[in-house]
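Okay, coords-v1.pdb now, which holds PDB, N, CA and C atoms:
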ATOM      1  N   MET A 276      48.389 -48.783 -19.889
ATOM      2  CA  MET A 276      48.677 -50.023 -19.209
ATOM      3  C   MET A 276      50.162 -50.069 -18.854
ATOM      4  N   ALA A 277      50.487 -50.329 -17.621
ATOM      5  CA  ALA A 277      51.866 -50.393 -17.183
ATOM      6  C   ALA A 277      52.431 -51.791 -17.434
ATOM      7  N   TYR A 278      53.721 -51.842 -17.650
ATOM      8  CA  TYR A 278      54.424 -53.096 -17.852
ATOM      9  C   TYR A 278      55.395 -53.274 -16.694
ATOM     10  N   SER A 279      55.422 -54.465 -16.120
ATOM     11  CA  SER A 279      56.329 -54.744 -15.012
ATOM     12  C   SER A 279      57.143 -55.982 -15.311
ATOM     13  N   GLY A 280      58.338 -56.007 -14.752
ATOM     14  CA  GLY A 280      59.177 -57.177 -14.911
ATOM     15  C   GLY A 280      60.198 -57.245 -13.804
ATOM     16  N   LYS A 281      60.626 -58.462 -13.500
ATOM     17  CA  LYS A 281      61.639 -58.659 -12.475
ATOM     18  C   LYS A 281      63.010 -58.420 -13.098
ATOM     19  N   VAL A 282      63.841 -57.692 -12.386
ATOM     20  CA  VAL A 282      65.197 -57.390 -12.842
ATOM     21  C   VAL A 282      66.135 -58.335 -12.096
ATOM     22  N   THR A 283      66.711 -59.291 -12.826
ATOM     23  CA  THR A 283      67.537 -60.307 -12.186
ATOM     24  C   THR A 283      68.983 -60.307 -12.661
ATOM     25  N   SER A 284      69.285 -59.497 -13.675
ATOM     26  CA  SER A 284      70.629 -59.488 -14.255
ATOM     27  C   SER A 284      70.820 -58.197 -15.042
ATOM     28  N   PRO A 285      72.068 -57.879 -15.386
ATOM     29  CA  PRO A 285      72.302 -56.712 -16.240
ATOM     30  C   PRO A 285      71.537 -56.816 -17.562
ATOM     31  N   GLU A 286      71.424 -58.065 -18.075
ATOM     32  CA  GLU A 286      70.724 -58.262 -19.348
ATOM     33  C   GLU A 286      69.238 -57.958 -19.223
ATOM     34  N   SER A 287      68.620 -58.424 -18.136
ATOM     35  CA  SER A 287      67.184 -58.166 -17.984
ATOM     36  C   SER A 287      66.932 -56.685 -17.733
ATOM     37  N   LEU A 288      67.828 -56.025 -17.011
ATOM     38  CA  LEU A 288      67.699 -54.578 -16.810
ATOM     39  C   LEU A 288      67.806 -53.858 -18.151
ATOM     40  N   GLY A 289      68.756 -54.284 -18.975
ATOM     41  CA  GLY A 289      68.929 -53.672 -20.293
ATOM     42  C   GLY A 289      67.702 -53.829 -21.166
ATOM     43  N   ARG A 290      67.094 -55.033 -21.129
ATOM     44  CA  ARG A 290      65.893 -55.268 -21.947
ATOM     45  C   ARG A 290      64.741 -54.372 -21.490
ATOM     46  N   ILE A 291      64.591 -54.225 -20.181
ATOM     47  CA  ILE A 291      63.512 -53.372 -19.668
ATOM     48  C   ILE A 291      63.767 -51.910 -20.021
ATOM     49  N   LEU A 292      65.013 -51.477 -19.892
ATOM     50  CA  LEU A 292      65.348 -50.096 -20.273
ATOM     51  C   LEU A 292      65.103 -49.875 -21.766
ATOM     52  N   GLN A 293      65.417 -50.874 -22.580
ATOM     53  CA  GLN A 293      65.171 -50.756 -24.012
ATOM     54  C   GLN A 293      63.675 -50.626 -24.289
ATOM     55  N   GLN A 294      62.868 -51.450 -23.630
ATOM     56  CA  GLN A 294      61.416 -51.355 -23.818
ATOM     57  C   GLN A 294      60.887 -49.994 -23.393
ATOM     58  N   ALA A 295      61.390 -49.481 -22.280
ATOM     59  CA  ALA A 295      60.955 -48.155 -21.816
ATOM     60  C   ALA A 295      61.319 -47.088 -22.839
ATOM     61  N   ARG A 296      62.526 -47.187 -23.395
ATOM     62  CA  ARG A 296      62.952 -46.216 -24.412
ATOM     63  C   ARG A 296      62.070 -46.304 -25.648
ATOM     64  N   LEU A 297      61.801 -47.529 -26.097
ATOM     65  CA  LEU A 297      60.970 -47.704 -27.297
ATOM     66  C   LEU A 297      59.554 -47.192 -27.062
ATOM     67  N   LEU A 298      58.995 -47.473 -25.884
ATOM     68  CA  LEU A 298      57.651 -46.985 -25.577
ATOM     69  C   LEU A 298      57.612 -45.466 -25.461
ATOM     70  N   SER A 299      58.759 -44.877 -25.161
ATOM     71  CA  SER A 299      58.841 -43.412 -25.099
ATOM     72  C   SER A 299      59.026 -42.804 -26.484
ATOM     73  N   GLY A 300      59.247 -43.659 -27.477
ATOM     74  CA  GLY A 300      59.418 -43.175 -28.840
ATOM     75  C   GLY A 300      60.778 -42.567 -29.100
ATOM     76  N   LEU A 301      61.771 -42.932 -28.304
ATOM     77  CA  LEU A 301      63.111 -42.370 -28.459
ATOM     78  C   LEU A 301      64.044 -43.363 -29.129
ATOM     79  N   THR A 302      64.935 -42.855 -29.968
ATOM     80  CA  THR A 302      66.011 -43.685 -30.485
ATOM     81  C   THR A 302      67.136 -43.684 -29.458
ATOM     82  N   GLN A 303      68.072 -44.596 -29.633
ATOM     83  CA  GLN A 303      69.231 -44.600 -28.741
ATOM     84  C   GLN A 303      69.964 -43.265 -28.824
ATOM     85  N   ARG A 304      70.089 -42.729 -30.027
ATOM     86  CA  ARG A 304      70.803 -41.460 -30.216
ATOM     87  C   ARG A 304      70.082 -40.306 -29.517
ATOM     88  N   GLU A 305      68.752 -40.275 -29.646
ATOM     89  CA  GLU A 305      67.980 -39.204 -28.994
ATOM     90  C   GLU A 305      68.109 -39.281 -27.476
ATOM     91  N   LEU A 306      68.034 -40.498 -26.931
ATOM     92  CA  LEU A 306      68.173 -40.649 -25.489
ATOM     93  C   LEU A 306      69.570 -40.246 -25.044
ATOM     94  N   ALA A 307      70.566 -40.636 -25.803
ATOM     95  CA  ALA A 307      71.946 -40.269 -25.479
ATOM     96  C   ALA A 307      72.120 -38.758 -25.440
ATOM     97  N   GLU A 308      71.535 -38.068 -26.420
ATOM     98  CA  GLU A 308      71.630 -36.604 -26.452
ATOM     99  C   GLU A 308      70.983 -35.989 -25.228
ATOM    100  N   ARG A 309      69.830 -36.506 -24.830
ATOM    101  CA  ARG A 309      69.140 -35.984 -23.645
ATOM    102  C   ARG A 309      69.950 -36.195 -22.371
ATOM    103  N   LEU A 310      70.699 -37.312 -22.337
ATOM    104  CA  LEU A 310      71.469 -37.647 -21.143
ATOM    105  C   LEU A 310      72.903 -37.137 -21.190
ATOM    106  N   GLY A 311      73.277 -36.549 -22.316
ATOM    107  CA  GLY A 311      74.640 -36.029 -22.446
ATOM    108  C   GLY A 311      75.682 -37.131 -22.546
ATOM    109  N   THR A 312      75.318 -38.214 -23.226
ATOM    110  CA  THR A 312      76.247 -39.328 -23.392
ATOM    111  C   THR A 312      76.228 -39.773 -24.851
ATOM    112  N   THR A 313      76.809 -40.922 -25.128
ATOM    113  CA  THR A 313      76.897 -41.395 -26.510
ATOM    114  C   THR A 313      75.864 -42.488 -26.785
ATOM    115  N   GLN A 314      75.570 -42.668 -28.058
ATOM    116  CA  GLN A 314      74.660 -43.734 -28.476
ATOM    117  C   GLN A 314      75.258 -45.087 -28.113
ATOM    118  N   ARG A 315      76.574 -45.210 -28.211
ATOM    119  CA  ARG A 315      77.232 -46.476 -27.864
ATOM    120  C   ARG A 315      77.013 -46.825 -26.395
ATOM    121  N   TYR A 316      77.064 -45.829 -25.511
ATOM    122  CA  TYR A 316      76.853 -46.073 -24.087
ATOM    123  C   TYR A 316      75.441 -46.601 -23.838
ATOM    124  N   ILE A 317      74.450 -46.011 -24.504
ATOM    125  CA  ILE A 317      73.062 -46.481 -24.372
ATOM    126  C   ILE A 317      72.965 -47.918 -24.876
ATOM    127  N   TRP A 318      73.599 -48.192 -26.007
ATOM    128  CA  TRP A 318      73.585 -49.543 -26.565
ATOM    129  C   TRP A 318      74.184 -50.532 -25.576
ATOM    130  N   GLU A 319      75.315 -50.170 -24.941
ATOM    131  CA  GLU A 319      75.975 -51.070 -23.996
ATOM    132  C   GLU A 319      75.085 -51.374 -22.793
ATOM    133  N   ILE A 320      74.394 -50.366 -22.276
ATOM    134  CA  ILE A 320      73.493 -50.586 -21.143
ATOM    135  C   ILE A 320      72.352 -51.511 -21.554
ATOM    136  N   GLU A 321      71.749 -51.235 -22.709
ATOM    137  CA  GLU A 321      70.629 -52.057 -23.176
ATOM    138  C   GLU A 321      71.067 -53.481 -23.478
ATOM    139  N   ALA A 322      72.323 -53.667 -23.863
ATOM    140  CA  ALA A 322      72.849 -55.001 -24.165
ATOM    141  C   ALA A 322      73.253 -55.747 -22.890
ATOM    142  N   GLY A 323      73.242 -55.049 -21.746
ATOM    143  CA  GLY A 323      73.629 -55.687 -20.492
ATOM    144  C   GLY A 323      75.120 -55.905 -20.389
ATOM    145  N   LYS A 324      75.898 -55.011 -21.027
ATOM    146  CA  LYS A 324      77.354 -55.147 -20.986
ATOM    147  C   LYS A 324      77.837 -55.175 -19.541
ATOM    148  N   PRO A 325      78.653 -56.173 -19.205
ATOM    149  CA  PRO A 325      79.124 -56.275 -17.821
ATOM    150  C   PRO A 325      79.980 -55.080 -17.408
ATOM    151  N   SER A 326      79.797 -54.661 -16.177
ATOM    152  CA  SER A 326      80.675 -53.668 -15.568
ATOM    153  C   SER A 326      80.849 -54.077 -14.116
ATOM    154  N   ILE A 327      81.939 -53.659 -13.519
ATOM    155  CA  ILE A 327      82.202 -54.049 -12.128
ATOM    156  C   ILE A 327      81.066 -53.597 -11.223
ATOM    157  N   TYR A 328      80.608 -52.358 -11.395
ATOM    158  CA  TYR A 328      79.542 -51.833 -10.534
ATOM    159  C   TYR A 328      78.278 -52.680 -10.651
ATOM    160  N   VAL A 329      77.848 -52.932 -11.872
ATOM    161  CA  VAL A 329      76.591 -53.661 -12.079
ATOM    162  C   VAL A 329      76.721 -55.103 -11.607
ATOM    163  N   GLU A 330      77.855 -55.734 -11.881
ATOM    164  CA  GLU A 330      78.050 -57.116 -11.430
ATOM    165  C   GLU A 330      78.001 -57.194  -9.905
ATOM    166  N   ARG A 331      78.639 -56.253  -9.231
ATOM    167  CA  ARG A 331      78.622 -56.254  -7.765
ATOM    168  C   ARG A 331      77.230 -55.946  -7.233
ATOM    169  N   LEU A 332      76.517 -55.065  -7.899
ATOM    170  CA  LEU A 332      75.155 -54.734  -7.489
ATOM    171  C   LEU A 332      74.270 -55.974  -7.509
ATOM    172  N   PHE A 333      74.300 -56.718  -8.608
ATOM    173  CA  PHE A 333      73.463 -57.914  -8.710
ATOM    174  C   PHE A 333      73.957 -59.018  -7.784
ATOM    175  N   ALA A 334      75.268 -59.104  -7.528
ATOM    176  CA  ALA A 334      75.788 -60.075  -6.563
ATOM    177  C   ALA A 334      75.267 -59.749  -5.162
ATOM    178  N   MET A 335      75.256 -58.468  -4.800
ATOM    179  CA  MET A 335      74.719 -58.053  -3.502
ATOM    180  C   MET A 335      73.245 -58.411  -3.395
ATOM    181  N   MET A 336      72.502 -58.169  -4.471
ATOM    182  CA  MET A 336      71.073 -58.492  -4.459
ATOM    183  C   MET A 336      70.868 -59.983  -4.237
ATOM    184  N   ARG A 337      71.650 -60.814  -4.939
ATOM    185  CA  ARG A 337      71.517 -62.269  -4.774
ATOM    186  C   ARG A 337      71.854 -62.691  -3.345
ATOM    187  N   GLU A 338      72.931 -62.178  -2.818
ATOM    188  CA  GLU A 338      73.392 -62.584  -1.483
ATOM    189  C   GLU A 338      72.442 -62.146  -0.376
ATOM    190  N   THR A 339      71.738 -61.050  -0.574
ATOM    191  CA  THR A 339      70.856 -60.533   0.476
ATOM    192  C   THR A 339      69.399 -60.904   0.251
ATOM    193  N   GLY A 340      69.108 -61.601  -0.855
ATOM    194  CA  GLY A 340      67.735 -61.995  -1.135
ATOM    195  C   GLY A 340      66.866 -60.854  -1.632
ATOM    196  N   MET A 341      67.480 -59.778  -2.088
ATOM    197  CA  MET A 341      66.725 -58.629  -2.589
ATOM    198  C   MET A 341      66.224 -58.903  -4.005
ATOM    199  N   GLU A 342      64.993 -58.484  -4.280
ATOM    200  CA  GLU A 342      64.445 -58.552  -5.633
ATOM    201  C   GLU A 342      64.142 -57.143  -6.106
ATOM    202  N   LEU A 343      64.409 -56.896  -7.364
ATOM    203  CA  LEU A 343      64.163 -55.598  -7.966
ATOM    204  C   LEU A 343      63.140 -55.773  -9.077
ATOM    205  N   THR A 344      62.101 -54.952  -9.062
ATOM    206  CA  THR A 344      61.075 -54.990 -10.096
ATOM    207  C   THR A 344      60.999 -53.624 -10.753
ATOM    208  N   ALA A 345      60.917 -53.625 -12.058
ATOM    209  CA  ALA A 345      60.796 -52.378 -12.815
ATOM    210  C   ALA A 345      59.400 -52.281 -13.399
ATOM    211  N   THR A 346      58.852 -51.071 -13.407
ATOM    212  CA  THR A 346      57.541 -50.815 -13.999
ATOM    213  C   THR A 346      57.679 -49.703 -15.025
ATOM    214  N   ILE A 347      57.136 -49.934 -16.196
ATOM    215  CA  ILE A 347      57.114 -48.928 -17.261
ATOM    216  C   ILE A 347      55.677 -48.480 -17.428
ATOM    217  N   ASP A 348      55.454 -47.192 -17.291
ATOM    218  CA  ASP A 348      54.119 -46.635 -17.510
ATOM    219  C   ASP A 348      54.189 -45.729 -18.736
ATOM    220  N   PRO A 349      53.820 -46.248 -19.916
ATOM    221  CA  PRO A 349      53.967 -45.474 -21.145
ATOM    222  C   PRO A 349      53.097 -44.238 -21.217
ATOM    223  N   ARG A 350      52.124 -44.113 -20.307
ATOM    224  CA  ARG A 350      51.258 -42.921 -20.336
ATOM    225  C   ARG A 350      51.990 -41.689 -19.827
ATOM    226  N   GLU A 351      53.035 -41.913 -19.009
ATOM    227  CA  GLU A 351      53.772 -40.782 -18.473
ATOM    228  C   GLU A 351      54.854 -40.387 -19.464
ATOM    229  N   ASN A 352      54.871 -39.123 -19.832
ATOM    230  CA  ASN A 352      55.903 -38.614 -20.728
ATOM    231  C   ASN A 352      56.890 -37.828 -19.905
ATOM    232  N   HIS A 353      58.093 -38.366 -19.788
ATOM    233  CA  HIS A 353      59.099 -37.718 -18.951
ATOM    234  C   HIS A 353      59.967 -36.763 -19.765
ATOM    235  N   GLY A 354      59.648 -36.542 -21.016
ATOM    236  CA  GLY A 354      60.462 -35.676 -21.856
ATOM    237  C   GLY A 354      60.034 -34.288 -21.671
TER     238      GLY A 354
END
Before anything else, please render the file you have as structure tokens.
Amino acid sequence: MAYSGKVTSPESLGRILQQARLLSGLTQRELAERLGTTQRYIWEIEAGKPSIYVERLFAMMRETGMELTATIDPRENHG
């Protein structure tokens, strides 16, 4: 069963990414290792930590009326 949600902010994107990671059975550390980054970086993304890029991205979406929807399909194993 796929899970879908509307992405309206850095926080909602982080929550969806966290759910996708959990459904994949990965810890933050394991995902960080696969991506060649740190566990702290994964934590910051999942927490919706503000960044200039992400803030501008969501501002552009609001100004242009764009909506972003994310779908998680736990049956697909991307590892």
- Note on the structure: In Å and to one decimal, CA of Gly323 (chain A) is distant from CA of Pro285 (chain A) by 4.6 Å
- Nearest candidate to Gly289 (chain A) (options A:Asp348, A:Glu321, A:Glu330, A:Glu342; using all atoms listed in the file):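 Once distances to Gly289 (chain A) are computed over all atoms listed in the file, the minimum belongs to A:Glu321.
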- Message: Please determine, counting all atoms listed in the file, which residue among A:Gln314, A:Ile320, A:Val282, A:Ala277 has the shortest atom-to-atom distance to Ala345 (chain A).
- Response: A:Val282
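Between CA of Met336 (chain A) and CA of Ile291 (chain A) there is a distance of 17.7 Å.
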- Would you please give, as a PyMOL selection string, all residues of chain A that DSSP assigns to strand (DSSP E) based on the backbone? chain A and resi 278-282+343-347
- Please tell me which residues are no farther than 9 Å from (56.4, -44.3, -23.9) in the file, counting only C-alpha atoms, and write them as a PyMOL selection string. chain A and resi 294-301+347-353
- Task: Evaluate the PyMOL selection byres (((chain A and resi 280 and name CA) around 10) and name CA) on the structure here and hand back the selected residues as a VMD selection string.
- Result: chain A and resid 278 to 279 281 to 283 287 to 288 290 to 291 343 to 347
Which centre and edge lengths in Å to one decimal define the box along x, y and z that fits every listed atom of region 336-352 of chain A plus 6 Å per side, as JSON?
{"center_x": 62.3, "center_y": -50.3, "center_z": -10.4, "size_x": 34.1, "size_y": 36.9, "size_z": 33.7}
- Task: Work out how far apart CA of Val329 (chain A) and CA of Met276 (chain A) are and give it in Å to one decimal.
- Result: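 Between CA of Val329 (chain A) and CA of Met276 (chain A) the gap works out to 29.0 Å.
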Residues of region 312-347 of chain A in alpha helix (DSSP H) according to DSSP, as a tab-separated table (two decimals) with N, CA and C atoms, in the coordinates of the input?
chain	number	residue	atom	x	y	z
A	314	GLN	N	75.57	-42.67	-28.06
A	314	GLN	CA	74.66	-43.73	-28.48
A	314	GLN	C	75.26	-45.09	-28.11
A	315	ARG	N	76.57	-45.21	-28.21
A	315	ARG	CA	77.23	-46.48	-27.86
A	315	ARG	C	77.01	-46.82	-26.40
A	316	TYR	N	77.06	-45.83	-25.51
A	316	TYR	CA	76.85	-46.07	-24.09
A	316	TYR	C	75.44	-46.60	-23.84
A	317	ILE	N	74.45	-46.01	-24.50
A	317	ILE	CA	73.06	-46.48	-24.37
A	317	ILE	C	72.96	-47.92	-24.88
A	318	TRP	N	73.60	-48.19	-26.01
A	318	TRP	CA	73.58	-49.54	-26.56
A	318	TRP	C	74.18	-50.53	-25.58
A	319	GLU	N	75.32	-50.17	-24.94
A	319	GLU	CA	75.97	-51.07	-24.00
A	319	GLU	C	75.08	-51.37	-22.79
A	320	ILE	N	74.39	-50.37	-22.28
A	320	ILE	CA	73.49	-50.59	-21.14
A	320	ILE	C	72.35	-51.51	-21.55
A	321	GLU	N	71.75	-51.24	-22.71
A	321	GLU	CA	70.63	-52.06	-23.18
A	321	GLU	C	71.07	-53.48	-23.48
A	327	ILE	N	81.94	-53.66	-13.52
A	327	ILE	CA	82.20	-54.05	-12.13
A	327	ILE	C	81.07	-53.60	-11.22
A	328	TYR	N	80.61	-52.36	-11.40
A	328	TYR	CA	79.54	-51.83	-10.53
A	328	TYR	C	78.28	-52.68	-10.65
A	329	VAL	N	77.85	-52.93	-11.87
A	329	VAL	CA	76.59	-53.66	-12.08
A	329	VAL	C	76.72	-55.10	-11.61
A	330	GLU	N	77.86	-55.73	-11.88
A	330	GLU	CA	78.05	-57.12	-11.43
A	330	GLU	C	78.00	-57.19	-9.90
A	331	ARG	N	78.64	-56.25	-9.23
A	331	ARG	CA	78.62	-56.25	-7.76
A	331	ARG	C	77.23	-55.95	-7.23
A	332	LEU	N	76.52	-55.06	-7.90
A	332	LEU	CA	75.16	-54.73	-7.49
A	332	LEU	C	74.27	-55.97	-7.51
A	333	PHE	N	74.30	-56.72	-8.61
A	333	PHE	CA	73.46	-57.91	-8.71
A	333	PHE	C	73.96	-59.02	-7.78
A	334	ALA	N	75.27	-59.10	-7.53
A	334	ALA	CA	75.79	-60.08	-6.56
A	334	ALA	C	75.27	-59.75	-5.16
A	335	MET	N	75.26	-58.47	-4.80
A	335	MET	CA	74.72	-58.05	-3.50
A	335	MET	C	73.24	-58.41	-3.40
A	336	MET	N	72.50	-58.17	-4.47
A	336	MET	CA	71.07	-58.49	-4.46
A	336	MET	C	70.87	-59.98	-4.24
A	337	ARG	N	71.65	-60.81	-4.94
A	337	ARG	CA	71.52	-62.27	-4.77
A	337	ARG	C	71.85	-62.69	-3.34
A	338	GLU	N	72.93	-62.18	-2.82
A	338	GLU	CA	73.39	-62.58	-1.48
A	338	GLU	C	72.44	-62.15	-0.38
A	339	THR	N	71.74	-61.05	-0.57
A	339	THR	CA	70.86	-60.53	0.48
A	339	THR	C	69.40	-60.90	0.25
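Remark: for Leu306 (chain A), the closest of the candidate residues A:Lys324, A:Arg331, A:Trp318, A:Glu286 is A:Trp318 (distances computed over only C-alpha atoms).
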